[in-house]
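Student: Below: one structure in structure tokens.
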Amino acid sequence: MLVKLTWTYAPLGEAALLIGVEPANLVTNQAVQRLARALAQQQLAGVIALVPAVNSLLIQFDLRQTSHTELERQARAVCESFETTPPAPSREISIPVRYGGEHGPDLAEVAERLGMTPAEVVAEHCAHRYPVLMIGFAPGYPYLGGLPERLTLPRRDTPRAAVPAGSVAIAAGMTGIYPARLPGGWHLIGRTDVTLFDALADPPSLLEPGDHVRFVAIDAESR
């Protein structure tokens with residue numbers, strides 16, 4: 001069943017338009033991604049960048065070629081079409097992960113806090129299909145929604161100054177993968193060798209908003 005959504009449009013400075021939709025959930029996130037893809041396909045004059053987030057889309061533009069009013073008009077037309085057209089199918093990408101030990105130093109603590117065994121945490125983490133809500137924080141970093149309530153924990157009280165590249169983490173109802181060595185406050189439960197971001201690749205980010213991820217547990221000795 002198609003859902004009617006209420007969109008908001010607001011100037012963000014002189015050369016950007018922020019389009020939002022409430023509440024922040026999987027339905028509105030999918031709608032934002034559809035809007036971003038549709039506007040990108042139209043190759044609108046003056047649009048410099050389309051930046052989708054969980055439930056908003058930022059459009060940066062060249063004032064010499066377009067305006068807030070014109071972009072809002074074009075975006076409204078696209079949003080209205082969502083009421084009659086279903087979403088396109090998404091990609092599903094499998095990510096192999098070595099859980100626990102040096103690869104996931106927080107796994108044992110996470111399991112204890114959740115009243116589970118480490119094996120149960122791994123099984124639960126691998127049992128679900130996670131939508132990519134947005135790419136942010138760092139190039140290629142995917143915010144993955146749909147983490148089951150059973151695995152929900154707040155962020156760590158003390159963030160780490162450096163988290164190894166490829167670390168798979170959970171926090172605040174989401175799971176993510178660190179694409180590079182970065183500071184971070186999420187709980188590290190595993191690590192992957194998959195490259196999430198390559199500046200020389202086209203596209204540079206392995207994952208894109210709208211994709212879905214499945215995690216696959218592998219042995220520490222696997223390559």
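In the structure tokens, chains take the letters A, B, ... in the order shown, each chain's residues start at 1, and ligands count up from 1 in the order shown.
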Extract the full set of helix (DSSP H, G or I) residues from region 14-192 of chain A according to DSSP on the backbone, and format it as a PyMOL selection string.
Tutor: chain A and resi 26-42+68-81+107-114+118-126+149-151
Student: Can you list every residue in region 3-143 of chain A that DSSP puts in strand (DSSP E or B), as a CSV table (one decimal) with N, CA and C atoms, in the first residue's frame?
Tutor:
chain,number,residue,atom,x,y,z
A,7,TRP,N,5.6,16.6,3.0
A,7,TRP,CA,7.0,17.1,2.9
A,7,TRP,C,7.1,18.5,3.3
A,8,THR,N,8.2,18.9,3.8
A,8,THR,CA,8.5,20.3,4.1
A,8,THR,C,9.6,20.8,3.2
A,9,TYR,N,9.6,22.1,2.9
A,9,TYR,CA,10.6,22.7,2.0
A,9,TYR,C,11.1,24.0,2.7
A,10,ALA,N,12.4,24.1,2.9
A,10,ALA,CA,12.9,25.3,3.6
A,10,ALA,C,14.3,25.7,3.0
A,11,PRO,N,14.4,27.0,2.7
A,11,PRO,CA,15.8,27.5,2.3
A,11,PRO,C,16.8,27.2,3.3
A,16,ALA,N,20.9,26.7,-1.0
A,16,ALA,CA,20.6,25.3,-0.7
A,16,ALA,C,19.1,25.3,-0.3
A,17,LEU,N,18.5,24.1,-0.6
A,17,LEU,CA,17.1,23.8,-0.2
A,17,LEU,C,17.1,22.6,0.6
A,18,LEU,N,16.4,22.6,1.7
A,18,LEU,CA,16.3,21.4,2.6
A,18,LEU,C,14.9,20.9,2.5
A,19,ILE,N,14.8,19.6,2.1
A,19,ILE,CA,13.5,19.0,2.0
A,19,ILE,C,13.4,17.9,3.0
A,20,GLY,N,12.4,18.0,3.9
A,20,GLY,CA,12.2,17.0,4.9
A,20,GLY,C,10.9,16.3,4.9
A,21,VAL,N,10.8,15.2,5.7
A,21,VAL,CA,9.6,14.4,5.8
A,21,VAL,C,9.6,13.7,7.1
A,47,VAL,N,21.9,22.4,-10.3
A,47,VAL,CA,22.0,21.6,-9.1
A,47,VAL,C,23.5,21.1,-9.0
A,48,ILE,N,24.1,21.4,-7.8
A,48,ILE,CA,25.5,21.1,-7.6
A,48,ILE,C,25.6,19.7,-6.9
A,49,ALA,N,24.8,19.5,-5.9
A,49,ALA,CA,24.9,18.3,-5.1
A,49,ALA,C,23.5,17.9,-4.5
A,50,LEU,N,23.2,16.6,-4.4
A,50,LEU,CA,22.1,16.1,-3.7
A,50,LEU,C,22.6,15.2,-2.6
A,51,VAL,N,22.2,15.6,-1.3
A,51,VAL,CA,22.8,14.9,-0.2
A,51,VAL,C,21.6,14.4,0.7
A,52,PRO,N,21.3,13.1,0.5
A,52,PRO,CA,20.2,12.5,1.3
A,52,PRO,C,20.7,12.1,2.7
A,56,SER,N,15.7,13.5,5.2
A,56,SER,CA,15.8,14.8,4.6
A,56,SER,C,16.7,14.7,3.4
A,57,LEU,N,16.6,15.7,2.5
A,57,LEU,CA,17.4,15.8,1.3
A,57,LEU,C,17.9,17.3,1.2
A,58,LEU,N,19.2,17.5,1.1
A,58,LEU,CA,19.8,18.8,0.9
A,58,LEU,C,20.1,18.9,-0.5
A,59,ILE,N,19.7,20.0,-1.1
A,59,ILE,CA,20.0,20.3,-2.5
A,59,ILE,C,20.8,21.6,-2.6
A,60,GLN,N,22.1,21.5,-3.0
A,60,GLN,CA,22.9,22.6,-3.2
A,60,GLN,C,22.8,23.0,-4.6
A,61,PHE,N,22.8,24.3,-4.9
A,61,PHE,CA,22.6,24.8,-6.3
A,61,PHE,C,23.3,26.1,-6.6
A,92,GLU,N,21.2,-6.0,-2.8
A,92,GLU,CA,21.6,-6.6,-1.5
A,92,GLU,C,23.0,-7.0,-1.6
A,93,ILE,N,23.8,-6.6,-0.7
A,93,ILE,CA,25.3,-6.8,-0.6
A,93,ILE,C,25.6,-7.6,0.6
A,94,SER,N,26.3,-8.7,0.5
A,94,SER,CA,26.8,-9.5,1.6
A,94,SER,C,28.2,-9.0,2.1
A,95,ILE,N,28.3,-8.9,3.4
A,95,ILE,CA,29.6,-8.4,4.0
A,95,ILE,C,30.1,-9.5,4.9
A,96,PRO,N,31.2,-10.2,4.5
A,96,PRO,CA,31.8,-11.2,5.4
A,96,PRO,C,32.5,-10.5,6.6
A,97,VAL,N,32.2,-11.1,7.8
A,97,VAL,CA,32.7,-10.5,9.1
A,97,VAL,C,33.4,-11.5,9.9
A,98,ARG,N,34.5,-11.2,10.5
A,98,ARG,CA,35.1,-12.0,11.6
A,98,ARG,C,34.7,-11.4,12.9
A,99,TYR,N,33.9,-12.1,13.7
A,99,TYR,CA,33.4,-11.6,14.9
A,99,TYR,C,34.3,-11.9,16.1
A,130,TYR,N,19.7,-5.3,6.5
A,130,TYR,CA,19.8,-3.9,7.0
A,130,TYR,C,19.8,-2.9,5.8
A,131,PRO,N,18.8,-2.0,5.8
A,131,PRO,CA,18.8,-1.0,4.8
A,131,PRO,C,19.9,0.1,5.1
A,132,VAL,N,20.5,0.6,4.0
A,132,VAL,CA,21.4,1.7,4.1
A,132,VAL,C,20.6,3.0,4.2
A,133,LEU,N,20.5,3.6,5.4
A,133,LEU,CA,19.7,4.8,5.6
A,133,LEU,C,20.4,6.0,5.0
A,134,MET,N,21.7,6.1,5.1
A,134,MET,CA,22.5,7.2,4.6
A,134,MET,C,24.0,6.9,4.7
A,135,ILE,N,24.7,7.7,3.9
A,135,ILE,CA,26.2,7.6,4.0
A,135,ILE,C,26.6,8.9,4.6
A,142,PRO,N,28.4,3.7,6.2
A,142,PRO,CA,27.0,3.5,6.0
A,142,PRO,C,26.3,3.4,7.4
A,143,TYR,N,25.2,4.2,7.5
A,143,TYR,CA,24.3,4.0,8.7
A,143,TYR,C,23.2,3.0,8.3
Student: Near Arg181 (chain A), within 9 Å and counting only C-alpha atoms, which residues show up once chain neighbours fewer than 2 positions away are dropped, as a list in words?
Tutor: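 So, after excluding close chain neighbours, the residues are Ala162, Val163, Pro164, Ala165, Gly166, Ser167, Tyr178, Pro179 and Pro183 of chain A.
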Student: Within 12 Å of region 190-192 of chain A, counting only C-alpha atoms, which residues show up once you throw out same-chain ones fewer than 2 positions away? Write them as number ranges by chain, please.
Tutor: A: 94-108, 110, 118, 121-122, 125-126, 163-170, 175-180, 186-188, 194-196, 215-220, 222-223
Student: With N, CA and C atoms retained, write the just-selected residues as a CSV table (one decimal), in the first residue's frame.
Tutor:
chain,number,residue,atom,x,y,z
A,94,SER,N,26.3,-8.7,0.5
A,94,SER,CA,26.8,-9.5,1.6
A,94,SER,C,28.2,-9.0,2.1
A,95,ILE,N,28.3,-8.9,3.4
A,95,ILE,CA,29.6,-8.4,4.0
A,95,ILE,C,30.1,-9.5,4.9
A,96,PRO,N,31.2,-10.2,4.5
A,96,PRO,CA,31.8,-11.2,5.4
A,96,PRO,C,32.5,-10.5,6.6
A,97,VAL,N,32.2,-11.1,7.8
A,97,VAL,CA,32.7,-10.5,9.1
A,97,VAL,C,33.4,-11.5,9.9
A,98,ARG,N,34.5,-11.2,10.5
A,98,ARG,CA,35.1,-12.0,11.6
A,98,ARG,C,34.7,-11.4,12.9
A,99,TYR,N,33.9,-12.1,13.7
A,99,TYR,CA,33.4,-11.6,14.9
A,99,TYR,C,34.3,-11.9,16.1
A,100,GLY,N,34.3,-11.0,17.1
A,100,GLY,CA,34.9,-11.2,18.4
A,100,GLY,C,36.5,-11.2,18.3
A,101,GLY,N,37.1,-11.4,19.5
A,101,GLY,CA,38.5,-11.4,19.6
A,101,GLY,C,39.1,-10.0,19.2
A,102,GLU,N,40.3,-10.0,18.5
A,102,GLU,CA,40.9,-8.8,18.2
A,102,GLU,C,40.0,-8.0,17.1
A,103,HIS,N,39.2,-8.8,16.4
A,103,HIS,CA,38.4,-8.2,15.4
A,103,HIS,C,37.2,-7.5,15.9
A,104,GLY,N,36.6,-8.0,17.0
A,104,GLY,CA,35.5,-7.4,17.7
A,104,GLY,C,35.7,-7.3,19.2
A,105,PRO,N,36.5,-6.4,19.7
A,105,PRO,CA,36.9,-6.4,21.1
A,105,PRO,C,35.8,-6.1,22.1
A,106,ASP,N,34.6,-5.6,21.6
A,106,ASP,CA,33.5,-5.4,22.5
A,106,ASP,C,32.5,-6.4,22.5
A,107,LEU,N,32.6,-7.5,21.7
A,107,LEU,CA,31.6,-8.5,21.6
A,107,LEU,C,31.2,-9.1,22.9
A,108,ALA,N,32.2,-9.5,23.7
A,108,ALA,CA,31.9,-10.2,25.0
A,108,ALA,C,31.2,-9.3,25.9
A,110,VAL,N,29.3,-6.7,25.1
A,110,VAL,CA,28.0,-6.5,24.5
A,110,VAL,C,27.1,-7.6,24.9
A,118,PRO,N,28.0,-14.5,23.3
A,118,PRO,CA,28.6,-14.0,22.1
A,118,PRO,C,28.1,-14.6,20.8
A,121,VAL,N,24.7,-13.2,19.9
A,121,VAL,CA,24.8,-11.9,19.4
A,121,VAL,C,25.1,-12.0,17.9
A,122,VAL,N,26.1,-12.8,17.6
A,122,VAL,CA,26.6,-12.9,16.2
A,122,VAL,C,25.4,-13.5,15.3
A,125,HIS,N,22.8,-10.8,14.8
A,125,HIS,CA,23.3,-9.7,13.9
A,125,HIS,C,23.3,-10.2,12.5
A,126,CYS,N,23.6,-11.4,12.2
A,126,CYS,CA,23.6,-12.0,10.9
A,126,CYS,C,22.2,-12.4,10.3
A,163,VAL,N,39.5,3.8,15.6
A,163,VAL,CA,38.8,2.5,15.4
A,163,VAL,C,39.4,1.9,14.0
A,164,PRO,N,39.8,0.7,14.0
A,164,PRO,CA,40.4,0.1,12.8
A,164,PRO,C,39.4,0.1,11.6
A,165,ALA,N,40.0,0.3,10.4
A,165,ALA,CA,39.2,0.3,9.2
A,165,ALA,C,38.5,-1.1,9.1
A,166,GLY,N,37.2,-1.1,8.6
A,166,GLY,CA,36.5,-2.4,8.5
A,166,GLY,C,35.8,-2.8,9.7
A,167,SER,N,35.9,-2.1,10.8
A,167,SER,CA,35.2,-2.5,12.0
A,167,SER,C,33.7,-2.4,11.9
A,168,VAL,N,33.0,-3.5,12.3
A,168,VAL,CA,31.6,-3.5,12.3
A,168,VAL,C,31.1,-3.2,13.7
A,169,ALA,N,30.2,-2.3,13.8
A,169,ALA,CA,29.8,-1.8,15.1
A,169,ALA,C,28.3,-1.7,15.3
A,170,ILE,N,27.8,-1.6,16.5
A,170,ILE,CA,26.4,-1.3,16.8
A,170,ILE,C,26.3,-0.2,17.8
A,175,THR,N,23.5,-0.3,13.0
A,175,THR,CA,24.8,-0.9,12.9
A,175,THR,C,25.5,-0.2,11.7
A,176,GLY,N,26.8,-0.3,11.8
A,176,GLY,CA,27.6,0.4,10.8
A,176,GLY,C,29.0,-0.2,10.6
A,177,ILE,N,29.7,0.3,9.6
A,177,ILE,CA,31.0,-0.2,9.2
A,177,ILE,C,32.0,0.9,9.0
A,178,TYR,N,33.1,1.0,9.8
A,178,TYR,CA,34.0,2.0,9.6
A,178,TYR,C,34.9,1.8,8.3
A,179,PRO,N,34.8,2.8,7.4
A,179,PRO,CA,35.5,2.6,6.1
A,179,PRO,C,37.0,2.9,6.2
A,180,ALA,N,37.4,3.5,7.3
A,180,ALA,CA,38.8,3.9,7.5
A,180,ALA,C,39.1,4.0,9.0
A,186,TRP,N,31.0,3.7,18.9
A,186,TRP,CA,30.1,2.5,18.8
A,186,TRP,C,30.8,1.3,19.3
A,187,HIS,N,30.0,0.3,19.6
A,187,HIS,CA,30.5,-1.0,20.1
A,187,HIS,C,31.0,-1.9,19.0
A,188,LEU,N,32.3,-2.3,19.0
A,188,LEU,CA,32.9,-3.0,18.0
A,188,LEU,C,32.7,-4.5,18.2
A,194,VAL,N,36.3,-6.1,3.5
A,194,VAL,CA,35.7,-5.4,2.4
A,194,VAL,C,36.1,-3.9,2.4
A,195,THR,N,36.4,-3.4,1.2
A,195,THR,CA,36.7,-2.0,1.1
A,195,THR,C,35.4,-1.2,0.9
A,196,LEU,N,35.2,-0.3,1.8
A,196,LEU,CA,33.9,0.5,1.8
A,196,LEU,C,34.1,1.7,0.9
A,215,PHE,N,25.1,-9.4,6.8
A,215,PHE,CA,26.4,-9.8,7.4
A,215,PHE,C,26.5,-11.3,7.4
A,216,VAL,N,27.7,-11.8,7.1
A,216,VAL,CA,27.9,-13.2,7.0
A,216,VAL,C,29.2,-13.5,7.9
A,217,ALA,N,29.0,-14.3,8.9
A,217,ALA,CA,30.1,-14.7,9.9
A,217,ALA,C,31.1,-15.6,9.2
A,218,ILE,N,32.4,-15.3,9.3
A,218,ILE,CA,33.4,-16.2,8.8
A,218,ILE,C,34.4,-16.5,9.9
A,219,ASP,N,35.2,-17.5,9.8
A,219,ASP,CA,36.2,-17.8,10.7
A,219,ASP,C,37.3,-16.8,10.7
A,220,ALA,N,38.0,-16.6,11.8
A,220,ALA,CA,39.1,-15.7,11.9
A,220,ALA,C,40.2,-16.0,10.9
A,222,SER,N,39.7,-17.3,7.9
A,222,SER,CA,39.3,-17.3,6.5
A,222,SER,C,39.9,-16.1,5.9
A,223,ARG,N,40.1,-16.1,4.6
A,223,ARG,CA,40.7,-15.0,3.8
A,223,ARG,C,39.9,-14.9,2.5
Student: Of the residues A:Ala36, A:Lys4, A:Gly185, A:Asp62, which is the one nearest to Thr158 (chain A), using only C-alpha atoms?
Tutor: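 Looking at the shortest contact to Thr158 (chain A), the residue is A:Gly185.
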Student: Find, counting only C-alpha atoms, the residue in A:Gly46, A:Pro23, A:Gly136, A:Gly115 that gets nearest to Pro209 (chain A).
Tutor: A:Gly136
Student: Which is closer to Phe197 (chain A) than all the others in A:Leu182, A:Tyr141, A:Asp157, A:Glu149, using only C-alpha atoms?
Tutor: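 So, comparing all the options, the nearest one is A:Tyr141.
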Student: Have a look at CA of Asp202 (chain A) and CA of Arg37 (chain A) and let me know their distance in Å, one decimal.
Tutor: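 Separation between CA of Asp202 (chain A) and CA of Arg37 (chain A): 16.7 Å.
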Student: So which residues touch Leu44 (chain A) within 9 Å, counting only C-alpha atoms, skipping near sequence neighbours fewer than 2 positions away, as a list in words?
Tutor: Leu39, Ala40, Gln41, Gln42, Gly46, Val47, Thr66, Leu71 and Gln74 of chain A
